[in-house]
Amino acid sequence: MSTDLALDPAHTALLVLDCQPAVLAAVLPDEGEREALLTRLQGAVADVRAAGGTVVHGRLGFTEADWAAVPAANTSFAALARHRAMHHEDPAAAVHERLAPREGGGDIVVRKTRHGALSTTDLDRRLRERGLTALVVAGVSTGGAVLSTVLDAADRDYRLHVLSDGVADPDPDVHDVLLRHVLPTRARIIDTTALPALLRAA
């Protein structure tokens with residue numbers, strides 16, 4: 001396998017974004033599709049852990065102060081703040097139980113208040129402290145957390161992969177355009193079945 005495709009587990013993190021019961025139900029109302037995505041993500045998490053890589057969980061969650069700080073002009077989060085949704089202690093805002101962070105296992109968990117995993121968290125610092133320079137991005141939604149995180153991470157010079165079957169969006173047309181035309185300008189697009197070989201090839 002080409003060395004430019006290989007992922008060194010010691011420097012690689014799998015970012016699993018917004019895989020929380022409330023968000024998953026909104027993005028994938030069909031239970032079968034939701035369960036299929038979770039199964040693929042479980043496999044990716046297991047593959048990265050087995051190879052010695054790092055798993056990062058980015059979850060959306062708000063405090064009272066966070067809601068108050070959302071301006072009316074924010075088209076993504078103003079309604080959420082107005083309705084006091086996604087409180088950080090609400091079980092619906094927790095990482096889904098099938099992907100639960102491993103206690104004492106080196107997983108990173110960040111709570112964010114916007115789409116991207118880097119802009120409102122200390123994730124960039126924590127990744128760099130561990131020498132993590134390659135990110136494999138997964139989760140929901142393709143046009144929300146995934147897109148925002150990839151664009152931001154690309155500007156921060158991370159090496160990026162996106163799991164094509166590990167992301168989902170409520171709009172299939174948006175999902176398709178992003179995977180075919182937008183995300184490939186910043187990241188390599190792979191699927192979950194290719195991940196183990198890439199991790200072994202370093």
# chains A, B, ... in the order shown; residues from 1 in each chain; ligands from 1

$ select_by_dssp --residues "range 30-130 of chain A" --states "strand (DSSP E)" --output "MDAnalysis selection string"
chainID A and resid 54:60 108:112

$ write_last_selection --atoms "N, CA and C atoms" --output "PDB file, in the first residue's frame"
ATOM      1  N   THR A  54      -6.044   6.667  18.693  1.00  0.00           N
ATOM      2  CA  THR A  54      -6.837   7.402  19.682  1.00  0.00           C
ATOM      3  C   THR A  54      -8.246   7.631  19.151  1.00  0.00           C
ATOM      4  N   VAL A  55      -9.231   7.505  20.026  1.00  0.00           N
ATOM      5  CA  VAL A  55     -10.620   7.790  19.669  1.00  0.00           C
ATOM      6  C   VAL A  55     -11.038   9.088  20.353  1.00  0.00           C
ATOM      7  N   VAL A  56     -11.620   9.991  19.575  1.00  0.00           N
ATOM      8  CA  VAL A  56     -12.100  11.267  20.092  1.00  0.00           C
ATOM      9  C   VAL A  56     -13.610  11.330  19.904  1.00  0.00           C
ATOM     10  N   HIS A  57     -14.317  11.686  20.966  1.00  0.00           N
ATOM     11  CA  HIS A  57     -15.768  11.860  20.903  1.00  0.00           C
ATOM     12  C   HIS A  57     -16.074  13.342  21.035  1.00  0.00           C
ATOM     13  N   GLY A  58     -16.680  13.910  20.014  1.00  0.00           N
ATOM     14  CA  GLY A  58     -17.129  15.293  20.082  1.00  0.00           C
ATOM     15  C   GLY A  58     -18.634  15.316  20.232  1.00  0.00           C
ATOM     16  N   ARG A  59     -19.123  15.946  21.297  1.00  0.00           N
ATOM     17  CA  ARG A  59     -20.562  15.952  21.517  1.00  0.00           C
ATOM     18  C   ARG A  59     -21.057  17.383  21.718  1.00  0.00           C
ATOM     19  N   LEU A  60     -22.265  17.628  21.217  1.00  0.00           N
ATOM     20  CA  LEU A  60     -22.908  18.927  21.350  1.00  0.00           C
ATOM     21  C   LEU A  60     -23.625  18.979  22.695  1.00  0.00           C
ATOM     22  N   ILE A 108     -10.476  10.664  24.146  1.00  0.00           N
ATOM     23  CA  ILE A 108     -10.653  12.092  24.399  1.00  0.00           C
ATOM     24  C   ILE A 108     -12.126  12.415  24.190  1.00  0.00           C
ATOM     25  N   VAL A 109     -12.707  13.175  25.108  1.00  0.00           N
ATOM     26  CA  VAL A 109     -14.094  13.622  24.972  1.00  0.00           C
ATOM     27  C   VAL A 109     -14.119  15.140  25.069  1.00  0.00           C
ATOM     28  N   VAL A 110     -14.754  15.785  24.101  1.00  0.00           N
ATOM     29  CA  VAL A 110     -14.904  17.238  24.155  1.00  0.00           C
ATOM     30  C   VAL A 110     -16.380  17.602  23.996  1.00  0.00           C
ATOM     31  N   ARG A 111     -16.777  18.611  24.749  1.00  0.00           N
ATOM     32  CA  ARG A 111     -18.131  19.154  24.636  1.00  0.00           C
ATOM     33  C   ARG A 111     -18.052  20.444  23.832  1.00  0.00           C
ATOM     34  N   LYS A 112     -18.829  20.519  22.772  1.00  0.00           N
ATOM     35  CA  LYS A 112     -18.770  21.670  21.890  1.00  0.00           C
ATOM     36  C   LYS A 112     -20.112  22.387  21.842  1.00  0.00           C
TER      37      LYS A 112
END

$ select_by_dssp --residues "range 2-197 of chain A" --states "helix (DSSP H, G or I)" --output "count of residues only"
85

$ closest_residue --among "A:Arg34, A:Arg159, A:Arg188, A:Arg180" --to "Asp8 in chain A" --atoms "only C-alpha atoms"
A:Arg159

$ residues_around --residues "Leu147 in chain A" --least-positions-apart "3" --cutoff "9 Å" --atoms "only C-alpha atoms" --output "JSON, numbers by chain"
{"A": [115, 116, 141, 142, 143, 144, 150, 151, 152, 178, 182, 183]}

$ write_last_selection --atoms "N, CA and C atoms" --output "PDB file, in the first residue's frame"
ATOM      1  N   HIS A 115     -20.922  23.677  15.456  1.00  0.00           N
ATOM      2  CA  HIS A 115     -20.787  22.477  14.631  1.00  0.00           C
ATOM      3  C   HIS A 115     -19.398  21.838  14.750  1.00  0.00           C
ATOM      4  N   GLY A 116     -18.378  22.615  14.527  1.00  0.00           N
ATOM      5  CA  GLY A 116     -17.027  22.070  14.451  1.00  0.00           C
ATOM      6  C   GLY A 116     -16.510  21.567  15.783  1.00  0.00           C
ATOM      7  N   SER A 141     -23.670  15.628  11.449  1.00  0.00           N
ATOM      8  CA  SER A 141     -24.099  15.299  10.102  1.00  0.00           C
ATOM      9  C   SER A 141     -23.029  15.699   9.099  1.00  0.00           C
ATOM     10  N   THR A 142     -23.132  15.150   7.892  1.00  0.00           N
ATOM     11  CA  THR A 142     -22.142  15.432   6.865  1.00  0.00           C
ATOM     12  C   THR A 142     -22.045  16.928   6.583  1.00  0.00           C
ATOM     13  N   GLY A 143     -23.203  17.593   6.517  1.00  0.00           N
ATOM     14  CA  GLY A 143     -23.224  19.022   6.218  1.00  0.00           C
ATOM     15  C   GLY A 143     -23.081  19.917   7.426  1.00  0.00           C
ATOM     16  N   GLY A 144     -22.975  19.314   8.617  1.00  0.00           N
ATOM     17  CA  GLY A 144     -22.847  20.090   9.847  1.00  0.00           C
ATOM     18  C   GLY A 144     -21.495  19.866  10.492  1.00  0.00           C
ATOM     19  N   VAL A 150     -13.861  19.291   9.213  1.00  0.00           N
ATOM     20  CA  VAL A 150     -12.876  19.037   8.155  1.00  0.00           C
ATOM     21  C   VAL A 150     -12.285  20.345   7.630  1.00  0.00           C
ATOM     22  N   LEU A 151     -13.126  21.328   7.356  1.00  0.00           N
ATOM     23  CA  LEU A 151     -12.619  22.593   6.837  1.00  0.00           C
ATOM     24  C   LEU A 151     -11.676  23.268   7.830  1.00  0.00           C
ATOM     25  N   ASP A 152     -12.065  23.272   9.098  1.00  0.00           N
ATOM     26  CA  ASP A 152     -11.235  23.879  10.131  1.00  0.00           C
ATOM     27  C   ASP A 152      -9.931  23.113  10.303  1.00  0.00           C
ATOM     28  N   LEU A 178     -21.326  16.656  -0.971  1.00  0.00           N
ATOM     29  CA  LEU A 178     -20.184  16.870  -0.079  1.00  0.00           C
ATOM     30  C   LEU A 178     -19.156  15.753  -0.218  1.00  0.00           C
ATOM     31  N   VAL A 182     -16.915  18.170  -2.436  1.00  0.00           N
ATOM     32  CA  VAL A 182     -16.409  19.179  -1.498  1.00  0.00           C
ATOM     33  C   VAL A 182     -15.350  18.604  -0.558  1.00  0.00           C
ATOM     34  N   LEU A 183     -15.696  17.579   0.173  1.00  0.00           N
ATOM     35  CA  LEU A 183     -14.758  17.017   1.142  1.00  0.00           C
ATOM     36  C   LEU A 183     -13.478  16.470   0.509  1.00  0.00           C
TER      37      LEU A 183
END

$ atom_distance --atom1 "CA of Ala13 in chain A" --atom2 "CA of Gly52 in chain A"
9.8 Å

$ closest_residue --among "A:Asp155, A:Asp66, A:Glu89, A:Asp30" --to "Arg114 in chain A" --atoms "only C-alpha atoms"
A:Asp66

$ residues_around --residues "Asp169 in chain A" --least-positions-apart "6" --cutoff "12 Å" --atoms "only C-alpha atoms" --output "list in words"
Asp18, Val23, Leu24, Ala25, Ala26, Val27, Leu28, Pro29, Glu33, Arg34, Leu37, Ala138, Gly139, Val140, Ser141, Thr142, Gly143, Gly144, Ala145, Val146, Leu147, His175, Asp176, Val177, Leu178 and Leu179 of chain A

$ atom_distance --atom1 "CA of Val162 in chain A" --atom2 "CA of Ala46 in chain A"
16.7 Å

$ closest_residue --among "A:Ala68, A:Leu160, A:Leu14, A:Ala36" --to "Val48 in chain A" --atoms "only C-alpha atoms"
A:Leu14

$ closest_residue --among "A:Gly32, A:Pro172, A:Pro91, A:Gly106" --to "Gly61 in chain A" --atoms "only C-alpha atoms"
A:Pro91

$ residues_around --residues "Leu198 in chain A" --least-positions-apart "4" --cutoff "7 Å" --atoms "only C-alpha atoms" --output "list in words"
Leu5, Ala6, Leu7 and Ala194 of chain A

$ write_last_selection --atoms "N, CA, C and O atoms" --output "mmCIF file, in the first residue's frame"
data_model
loop_
_atom_site.group_PDB
_atom_site.id
_atom_site.type_symbol
_atom_site.label_atom_id
_atom_site.label_comp_id
_atom_site.auth_asym_id
_atom_site.auth_seq_id
_atom_site.Cartn_x
_atom_site.Cartn_y
_atom_site.Cartn_z
ATOM 1 N N LEU A 5 -0.978 6.849 1.816
ATOM 2 C CA LEU A 5 -2.310 6.473 2.276
ATOM 3 C C LEU A 5 -2.285 5.919 3.703
ATOM 4 O O LEU A 5 -3.270 6.007 4.422
ATOM 5 N N ALA A 6 -1.151 5.339 4.093
ATOM 6 C CA ALA A 6 -1.067 4.661 5.384
ATOM 7 C C ALA A 6 -1.260 5.643 6.534
ATOM 8 O O ALA A 6 -0.921 6.825 6.449
ATOM 9 N N LEU A 7 -1.816 5.120 7.627
ATOM 10 C CA LEU A 7 -2.061 5.912 8.828
ATOM 11 C C LEU A 7 -1.262 5.311 9.987
ATOM 12 O O LEU A 7 -1.495 4.162 10.365
ATOM 13 N N ALA A 194 -11.802 -0.155 4.651
ATOM 14 C CA ALA A 194 -10.409 0.137 4.273
ATOM 15 C C ALA A 194 -9.558 0.552 5.465
ATOM 16 O O ALA A 194 -8.324 0.516 5.402
#

$ closest_residue --among "A:His161, A:Arg200, A:His181, A:Arg49" --to "Ala134 in chain A" --atoms "only C-alpha atoms"
A:His161
